[in-house]
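Trainee: Mind having a look at this structure? Questions to follow.
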Amino acid sequence: MAAVCSLRIVCAARAPKVAAAASEAPPPPPLKAGATYKNLKAAVDAGLVQGCAPFGNGIDAFGFYNNIDQAEAQRFADVEITHGRVAMLAALGFLVGEEVEGSGFLFDAEVTGPAINHFQQVPTFFWVTLGVGVVLAEVSRINTAWQSPFDAERLFLLKDAHVPGDYGWDPLGFGKGKSTNDMKSIRMKELNNGRMAMIAIAAMVGQELNTGVNVLLGDAALNQGELANLEAKCAFAADEAACSKAFEAAMATL
């Protein structure tokens, strides 16, 4: 998923710090729908897209940024960081959900088994609550960042001054008092962690679709040479959670 929207190669999860400059870097020039960037390097030089070492100018193997409309490049950058944030939440929830599945903590033990099967087991109230939350979040995003389709030159245009990923929501105040260069470094770290999370969640889902058992338990069984036995006994079983826990207890005695 090298980085979902622009297909740039994903860099390490930790981004290098931006060197402190004697004076703050000037803000990037405003975007203009209809104007174009020659290539990805031009978008990086303009400050819209961020690359990371050892690919400071980014990588665009499929040429998506060649002569790209500036508004389209802005949308690509915004969608990439949005998908990265969702992937970070998904990867964390995937692992935490499996650690507490089958316990009273998670919907009174109603949800069990691999995380890929959790969502369809949750009560209807959760679905409704989640749906309402998604609608409210999307409405807020649209009002903050997107141009009105009735006033814009064409559909699907972000506001010219919108910084990709910046929706003005910082309840813990991480961005308060930060310089432009500090914020650039923070955004780079978030972006790289999001890129790594997109790969991680895809790998975890793929592993569970292939093995049919919880991802961490499957890794433990693989390390002990017992993955084939675990899959034979537990994969896609009616009570996979109980089977996996029994197998885990048996491996602990080895």
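Labels for the structure tokens follow display order: chains A, B, ..., residues from 1 in each chain, ligands from 1.
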Mind checking DSSP for range 54-222 of chain A and telling me the helix (DSSP H, G or I) residues as a ChimeraX atom specification?

Mentor: /A:70-100,107-109,115-117,119-121,124-145,180-211,215-222

Trainee: Tell me, as a count of residues only, which residues lie within 9 Å of Asp166 in chain A, counting only C-alpha atoms; anything in the same chain fewer than 3 positions away does not count.

Mentor: 5

Trainee: Can you tell me how far CA of Gln224 in chain A sits from CA of Val100 in chain A, in Å to one decimal?

Mentor: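 Going from CA of Gln224 in chain A over to CA of Val100 in chain A, I get 23.1 Å.
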
Trainee: Would you list the contacts of Ala202 in chain A as a short mmCIF file (atom, residue, chain, number, x, y, z; two decimals) with all heavy atoms, in the first residue's frame, taking every protein, DNA or RNA residue within 12 Å and counting only C-alpha atoms, but skipping same-chain residues closer than 4 positions in sequence?

Mentor:
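Output (out27.cif):
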```
data_model
loop_
_atom_site.label_atom_id
_atom_site.label_comp_id
_atom_site.auth_asym_id
_atom_site.auth_seq_id
_atom_site.Cartn_x
_atom_site.Cartn_y
_atom_site.Cartn_z
N MET A 1 0.85 -1.19 0.00
CA MET A 1 0.00 0.00 0.00
C MET A 1 0.88 1.23 0.00
O MET A 1 0.63 2.16 0.71
CB MET A 1 -0.87 0.00 1.25
CG MET A 1 -2.08 -0.85 1.06
SD MET A 1 -3.05 -1.07 2.51
CE MET A 1 -2.98 0.50 3.28
N ALA A 2 1.87 1.25 -0.74
CA ALA A 2 2.91 2.25 -0.65
C ALA A 2 2.38 3.59 -1.04
O ALA A 2 2.27 3.91 -2.17
CB ALA A 2 4.06 1.90 -1.56
N VAL A 4 -0.98 4.64 0.07
CA VAL A 4 -2.30 4.48 -0.54
C VAL A 4 -2.60 5.40 -1.72
O VAL A 4 -2.96 4.94 -2.76
CB VAL A 4 -3.38 4.64 0.53
CG1 VAL A 4 -4.74 4.77 -0.08
CG2 VAL A 4 -3.36 3.44 1.44
N GLY A 84 -4.07 7.03 6.77
CA GLY A 84 -3.06 6.64 7.75
C GLY A 84 -3.60 6.70 9.17
O GLY A 84 -3.32 5.81 9.99
N ALA A 87 -5.88 3.80 9.69
CA ALA A 87 -5.10 2.56 9.78
C ALA A 87 -4.42 2.43 11.14
O ALA A 87 -4.32 1.32 11.69
CB ALA A 87 -4.05 2.52 8.67
N MET A 88 -3.95 3.54 11.72
CA MET A 88 -3.34 3.47 13.05
C MET A 88 -4.35 3.04 14.09
O MET A 88 -4.06 2.19 14.96
CB MET A 88 -2.72 4.82 13.42
CG MET A 88 -1.43 5.13 12.68
SD MET A 88 -0.57 6.61 13.27
CE MET A 88 -1.50 7.91 12.48
N ALA A 90 -7.07 1.31 13.43
CA ALA A 90 -7.45 -0.07 13.11
C ALA A 90 -6.42 -1.07 13.61
O ALA A 90 -6.78 -2.10 14.18
CB ALA A 90 -7.63 -0.21 11.60
N ALA A 91 -5.14 -0.78 13.41
CA ALA A 91 -4.09 -1.69 13.85
C ALA A 91 -4.10 -1.85 15.37
O ALA A 91 -3.97 -2.96 15.90
CB ALA A 91 -2.73 -1.19 13.37
N PHE A 94 -7.27 -3.75 16.39
CA PHE A 94 -7.15 -5.14 15.98
C PHE A 94 -6.49 -5.97 17.09
O PHE A 94 -6.99 -7.03 17.49
CB PHE A 94 -6.32 -5.21 14.71
CG PHE A 94 -6.57 -6.41 13.85
CD1 PHE A 94 -7.54 -6.38 12.87
CD2 PHE A 94 -5.82 -7.57 14.00
CE1 PHE A 94 -7.77 -7.48 12.05
CE2 PHE A 94 -6.04 -8.67 13.19
CZ PHE A 94 -7.02 -8.63 12.21
N ILE A 116 -10.90 -10.26 12.52
CA ILE A 116 -11.59 -10.07 11.24
C ILE A 116 -13.07 -10.43 11.33
O ILE A 116 -13.86 -10.05 10.46
CB ILE A 116 -10.92 -10.89 10.11
CG1 ILE A 116 -10.85 -12.37 10.49
CG2 ILE A 116 -9.56 -10.33 9.77
CD1 ILE A 116 -10.39 -13.25 9.36
N ARG A 195 1.64 5.55 7.29
CA ARG A 195 2.04 4.70 6.17
C ARG A 195 2.39 3.29 6.66
O ARG A 195 2.00 2.29 6.05
CB ARG A 195 3.24 5.33 5.46
CG ARG A 195 2.92 6.60 4.69
CD ARG A 195 4.17 7.34 4.28
NE ARG A 195 3.87 8.50 3.45
CZ ARG A 195 4.77 9.41 3.10
NH1 ARG A 195 6.02 9.30 3.52
NH2 ARG A 195 4.42 10.43 2.35
N MET A 196 3.13 3.24 7.77
CA MET A 196 3.48 1.94 8.33
C MET A 196 2.24 1.20 8.80
O MET A 196 2.12 -0.02 8.63
CB MET A 196 4.45 2.13 9.50
CG MET A 196 5.07 0.85 10.02
SD MET A 196 6.15 0.07 8.81
CE MET A 196 7.52 1.22 8.79
N ALA A 197 1.28 1.92 9.39
CA ALA A 197 0.06 1.29 9.88
C ALA A 197 -0.78 0.73 8.74
O ALA A 197 -1.44 -0.31 8.89
CB ALA A 197 -0.77 2.29 10.69
N MET A 198 -0.79 1.41 7.58
CA MET A 198 -1.55 0.89 6.44
C MET A 198 -1.01 -0.46 6.00
O MET A 198 -1.77 -1.38 5.67
CB MET A 198 -1.52 1.90 5.29
CG MET A 198 -2.40 3.11 5.51
SD MET A 198 -2.55 4.18 4.06
CE MET A 198 -1.07 5.18 4.21
N GLY A 206 -4.64 -10.02 6.23
CA GLY A 206 -4.26 -11.10 5.32
C GLY A 206 -3.86 -12.36 6.06
O GLY A 206 -4.22 -13.48 5.65
N GLN A 207 -3.11 -12.20 7.16
CA GLN A 207 -2.69 -13.35 7.94
C GLN A 207 -3.89 -14.10 8.52
O GLN A 207 -3.96 -15.33 8.47
CB GLN A 207 -1.75 -12.93 9.07
CG GLN A 207 -1.31 -14.09 9.97
CD GLN A 207 -0.31 -13.66 11.02
OE1 GLN A 207 0.59 -12.86 10.74
NE2 GLN A 207 -0.44 -14.18 12.23
N GLU A 208 -4.85 -13.35 9.06
CA GLU A 208 -6.00 -14.02 9.68
C GLU A 208 -6.92 -14.64 8.63
O GLU A 208 -7.52 -15.70 8.88
CB GLU A 208 -6.77 -13.04 10.56
CG GLU A 208 -5.99 -12.66 11.81
CD GLU A 208 -6.86 -12.15 12.93
OE1 GLU A 208 -8.06 -11.91 12.71
OE2 GLU A 208 -6.34 -11.99 14.05
N LEU A 209 -7.04 -14.03 7.48
CA LEU A 209 -7.83 -14.63 6.41
C LEU A 209 -7.19 -15.95 5.96
O LEU A 209 -7.88 -16.89 5.56
CB LEU A 209 -7.94 -13.68 5.23
CG LEU A 209 -8.86 -12.47 5.41
CD1 LEU A 209 -8.73 -11.52 4.22
CD2 LEU A 209 -10.31 -12.90 5.58
#
```

Trainee: Within 10 Å of Leu157 in chain A, counting only C-alpha atoms, which residues show up once you throw out same-chain ones fewer than 4 positions away? Write them as a list in words, please.

Mentor: Ala33, Ala71, Glu72, Gln74, Arg75, Ala145, Trp146, Gln147, Ser148, Pro149, Ala152 and Glu153 of chain A

Trainee: My list of candidates is A:Gly225, A:Gly56, A:Gly194, A:Pro123. Which is closest to Val86 in chain A when distances are computed with only C-alpha atoms?

Mentor: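 Under the stated criterion, the closest residue is A:Gly194.
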
Trainee: If you run DSSP over the backbone, which residues in range 31-109 of chain A end up strand (DSSP E)? Put them as a PyMOL selection string.

Mentor: chain A and resi 36-37+68-69

Trainee: Would you please work out which residue, of A:Leu158, A:Ala61, A:Val139, A:Val132, is nearest to Lys32 in chain A when using only C-alpha atoms?

Mentor: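 Closest residue, counting only C-alpha atoms: A:Leu158.
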